[in-house]
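Trainee: First, the structure itself, so that you have it in front of you.
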Amino acid sequence: MKKVLVVAGVTGVGKSAFGVKLAQRFNGEIISGDSVAVYKELSIGSAKIKTEEMDGINHHGIDIVTLDDKFSVRDFQKYGRIKIDEITERGKLPIIVGGTGLYIRALLYDYEFQDEQEVDNTWMDTMSNEELHLELCKVDLEQSEMIHQNNRKRVIRALSIAIANQKSKTELLNEQKHELMYDALILSCTMPRDALYDRLNLRVEKMMKDGLLEEVNQASQVAGWDHPAMAAIGYKEFREYFEGKLSLSDAISLVQRNTRRFAKRQITWFKHQMPCRWVDMSSEEDVSQAIEEVSLWMNH
RNA sequence: GGGGGGAUAGCGAAGUGGCUAAACGCGGUUGACUGUAAAUCAACUCUCCCUGAGUUCGGCGGUUCGAAUCCGUCUCCCCCCA
């Protein structure tokens with residue numbers, strides 16, 4: 001199995017710099033595992049690594065599409081696997097750095113996405129959550145038991161899968177082994193909650209100084225507010241501000257709050273969805289200890 | 001000095017005799033997650049020995065079988081008149 005090092009975890013604790021450090025030490029190249037940094041136009045709000053910070057290390061998966069396109073897990077999985085192969089062939093270590101849990105998991109595990117034809121879902125628009133959930137019960141009972149009826153998006157998704165394909169989502173899942181496809185060492189970066197929240201709040205203020213508002217303004221003009229990428233934290237919150245319905249300071253507070261919540265969701269994800277070696281980024285000792293462990297893993 | 005309004009859980013705010021440990025919102029915590037994932041959704045949030053019990057609605061006292069809700073009084077806050 002190919003070796004893949006993963007630097008996952010919470011936003012804003014220094015994953016990018018840590019990734020570069022590891023790449024230098026272990027002769028690696030970095031594949032970004034971030035659903036927003038793929039967009040060329042979204043840099044400040046996505047806390048995208050700057051060229052000078054890359055320090056000569058090759059980075060993939062950044063600025064690979066524009067807002068004219070849409071990008072999904074499946075695209076990421078395809079892209080990432082190709083990159084892993086290429087980097088490995090060059091005799092270097094692929095290092096995934098990012099915080100988009102689903103993307104990373106889909107890349108590392110035997111997730112299988114299939115070609116789907118476009119389905120007309122407009123008939124669902126007029127249905128209540130409960131009715132849709134009932135429909136799902138009919139075609140995929142197991143999924144209907146797992147997805148809460150209020151989770152309309154996921155109910156619709158499961159329904160669409162069952163309708164568009166011969167197989168239901170449950171059947172699809174049953175065909176997979178749910179195993180890692182690589183010899184992966186997964187580092188998950190975090191830090192104590194209080195320190196983390198302070199850091200995140202400050203980071204948002206820094207983004208504002210760096211010109212986030214202008215970036216959001218431009219992006220919203222080229223992509224429109226309905227573009228999926230514009231639902232990202234640090235972007236969507238300014239919609240009402242630009243429409244004159246929200247003060248700037250309120251919008252900023254919302255970005256901060258949403259960032260905090262997001263960080264918590266990331267912790268939950270990595271805690272339960274993947275086997276991780278947690279790294280407390282606020283502890284130099286823990287960080288260097290982790291690097292030692294990477295070193296050991298490299299040699300066996 | 002006179003008149004009026006108000007004090008409810010971390011915050012904001014409903015509730016004006018029993019169905020109220022107290023709606024709702026915010027904030028917070030926990031969790032779910034296979035094509036929008038920085039998305040979407042759920043649970044919990046007075047205390048405890050927590051499928052039950054105990055203390056709450058500015059303080060004290062009273063009315064009542066029963067009070068956050070009624071009466072008295074005290075404290076503090078806001079507005080208007082002087």
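In the structure tokens, the first chain shown is A, the next is B, and so on; residue numbers restart at 1 for each chain, and ligands run from 1 in the order shown.
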Leaving out Asp198 of chain A and any residue of its chain fewer than 6 positions from it, which residues lie within 12 Å of it when counting only C-alpha atoms (C1' of nucleotides), given as a ChimeraX atom specification?
Mentor: /A:12-13,191-192,204-205,256-257,259-260
Trainee: Any chance you can output those residues with C-alpha atoms as a compact mmCIF listing (two decimals), in the first residue's frame?
Mentor:
# COMPACT_ATOMS: atom_id res chain seq x y z
CA GLY A 12 -6.88 27.79 12.15
CA VAL A 13 -4.44 25.88 14.30
CA MET A 191 -5.73 22.71 20.66
CA PRO A 192 -7.61 23.42 23.90
CA VAL A 204 -11.38 36.65 11.37
CA GLU A 205 -10.34 40.15 12.35
CA GLN A 256 -16.65 34.28 14.15
CA ARG A 257 -19.43 32.26 15.66
CA THR A 259 -16.12 29.48 12.51
CA ARG A 260 -16.20 28.32 16.12
Trainee: Return as an NGL selection string the residues belonging to chain A that are within 8 Å of chain B, counting only C-alpha atoms (C1' of nucleotides).
Mentor: :A and (35-36 or 46 or 72-74 or 100-102 or 106 or 111-113 or 148 or 150-154 or 173 or 228-229 or 231-233 or 259 or 262 or 268)
Trainee: Can I get the selected residues back with N, CA and C atoms, as an mmCIF file, in the first residue's frame?
Mentor:
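To be explicit, this is the file written out as result-v7.cif:
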data_model
loop_
_atom_site.group_PDB
_atom_site.id
_atom_site.type_symbol
_atom_site.label_atom_id
_atom_site.label_comp_id
_atom_site.auth_asym_id
_atom_site.auth_seq_id
_atom_site.Cartn_x
_atom_site.Cartn_y
_atom_site.Cartn_z
ATOM 1 N N SER A 35 -12.247 22.166 0.812
ATOM 2 C CA SER A 35 -13.292 22.339 -0.194
ATOM 3 C C SER A 35 -13.425 23.769 -0.701
ATOM 4 N N VAL A 36 -12.826 24.714 -0.018
ATOM 5 C CA VAL A 36 -12.961 26.103 -0.460
ATOM 6 C C VAL A 36 -11.708 26.602 -1.180
ATOM 7 N N SER A 46 -10.790 31.693 2.855
ATOM 8 C CA SER A 46 -10.517 30.266 3.020
ATOM 9 C C SER A 46 -9.197 30.050 3.745
ATOM 10 N N SER A 72 -16.998 18.993 -6.302
ATOM 11 C CA SER A 72 -17.623 18.160 -5.280
ATOM 12 C C SER A 72 -16.665 17.093 -4.777
ATOM 13 N N VAL A 73 -17.117 16.368 -3.781
ATOM 14 C CA VAL A 73 -16.301 15.299 -3.212
ATOM 15 C C VAL A 73 -15.757 14.383 -4.277
ATOM 16 N N ARG A 74 -16.625 14.058 -5.212
ATOM 17 C CA ARG A 74 -16.221 13.109 -6.224
ATOM 18 C C ARG A 74 -15.052 13.646 -7.041
ATOM 19 N N THR A 100 -11.392 19.438 5.444
ATOM 20 C CA THR A 100 -12.691 19.000 4.934
ATOM 21 C C THR A 100 -12.813 17.492 5.109
ATOM 22 N N GLY A 101 -13.428 17.118 6.200
ATOM 23 C CA GLY A 101 -13.489 15.721 6.608
ATOM 24 C C GLY A 101 -14.001 14.777 5.550
ATOM 25 N N LEU A 102 -15.111 15.147 4.947
ATOM 26 C CA LEU A 102 -15.696 14.258 3.947
ATOM 27 C C LEU A 102 -14.748 14.035 2.776
ATOM 28 N N ALA A 106 -13.287 10.405 1.849
ATOM 29 C CA ALA A 106 -13.629 9.832 0.548
ATOM 30 C C ALA A 106 -12.368 9.469 -0.236
ATOM 31 N N TYR A 111 -14.620 4.812 -0.841
ATOM 32 C CA TYR A 111 -15.903 5.419 -1.200
ATOM 33 C C TYR A 111 -16.080 5.247 -2.696
ATOM 34 N N GLU A 112 -17.285 4.891 -3.102
ATOM 35 C CA GLU A 112 -17.519 4.799 -4.537
ATOM 36 C C GLU A 112 -18.648 5.686 -4.993
ATOM 37 N N PHE A 113 -18.307 6.553 -5.894
ATOM 38 C CA PHE A 113 -19.334 7.413 -6.469
ATOM 39 C C PHE A 113 -19.564 6.912 -7.877
ATOM 40 N N HIS A 148 -32.543 11.934 9.675
ATOM 41 C CA HIS A 148 -33.661 12.624 10.324
ATOM 42 C C HIS A 148 -34.529 13.310 9.269
ATOM 43 N N ASN A 150 -36.046 16.011 9.173
ATOM 44 C CA ASN A 150 -35.802 17.448 8.975
ATOM 45 C C ASN A 150 -34.567 17.728 8.130
ATOM 46 N N ASN A 151 -33.753 16.710 7.963
ATOM 47 C CA ASN A 151 -32.533 16.910 7.182
ATOM 48 C C ASN A 151 -32.868 16.756 5.703
ATOM 49 N N ARG A 152 -33.600 17.720 5.237
ATOM 50 C CA ARG A 152 -34.179 17.683 3.889
ATOM 51 C C ARG A 152 -33.140 17.410 2.810
ATOM 52 N N LYS A 153 -32.024 18.088 2.887
ATOM 53 C CA LYS A 153 -31.003 17.904 1.864
ATOM 54 C C LYS A 153 -30.577 16.455 1.729
ATOM 55 N N ARG A 154 -30.345 15.847 2.856
ATOM 56 C CA ARG A 154 -29.863 14.470 2.789
ATOM 57 C C ARG A 154 -30.976 13.489 2.477
ATOM 58 N N LEU A 173 -23.711 1.349 -0.358
ATOM 59 C CA LEU A 173 -22.833 1.317 0.814
ATOM 60 C C LEU A 173 -22.429 -0.108 1.155
ATOM 61 N N PRO A 228 -22.741 27.267 -4.566
ATOM 62 C CA PRO A 228 -22.446 26.503 -3.353
ATOM 63 C C PRO A 228 -21.238 27.033 -2.580
ATOM 64 N N ALA A 229 -20.223 27.465 -3.291
ATOM 65 C CA ALA A 229 -19.021 27.940 -2.606
ATOM 66 C C ALA A 229 -19.300 29.196 -1.797
ATOM 67 N N ALA A 231 -21.636 29.610 0.075
ATOM 68 C CA ALA A 231 -22.237 29.229 1.352
ATOM 69 C C ALA A 231 -21.156 28.975 2.396
ATOM 70 N N ALA A 232 -19.921 29.175 1.990
ATOM 71 C CA ALA A 232 -18.817 28.945 2.919
ATOM 72 C C ALA A 232 -18.775 30.025 3.989
ATOM 73 N N ILE A 233 -18.276 29.642 5.137
ATOM 74 C CA ILE A 233 -18.124 30.595 6.235
ATOM 75 C C ILE A 233 -17.141 31.687 5.823
ATOM 76 N N THR A 259 -17.436 30.113 12.569
ATOM 77 C CA THR A 259 -16.124 29.480 12.511
ATOM 78 C C THR A 259 -15.918 28.590 13.733
ATOM 79 N N PHE A 262 -17.986 25.531 13.364
ATOM 80 C CA PHE A 262 -17.376 24.671 12.348
ATOM 81 C C PHE A 262 -16.219 23.890 12.953
ATOM 82 N N THR A 268 -15.533 16.802 16.025
ATOM 83 C CA THR A 268 -16.433 15.653 16.114
ATOM 84 C C THR A 268 -16.190 14.688 14.956
#
Trainee: Run DSSP on the backbone of this structure and report the residues of segment 48-200 of chain A it assigns to strand (DSSP E or B), as a ChimeraX atom specification.
Mentor: /A:59-60,65,93-97,109,180,183-190
Trainee: Would you pick out the contacts of C26 of chain B at 12 Å or less, using only C-alpha atoms (C1' of nucleotides), so that residues sharing its chain but fewer than 6 positions from it are not included, and give the list as a PyMOL selection string?
Mentor: (chain A and resi 254+257) or (chain B and resi 10-13)
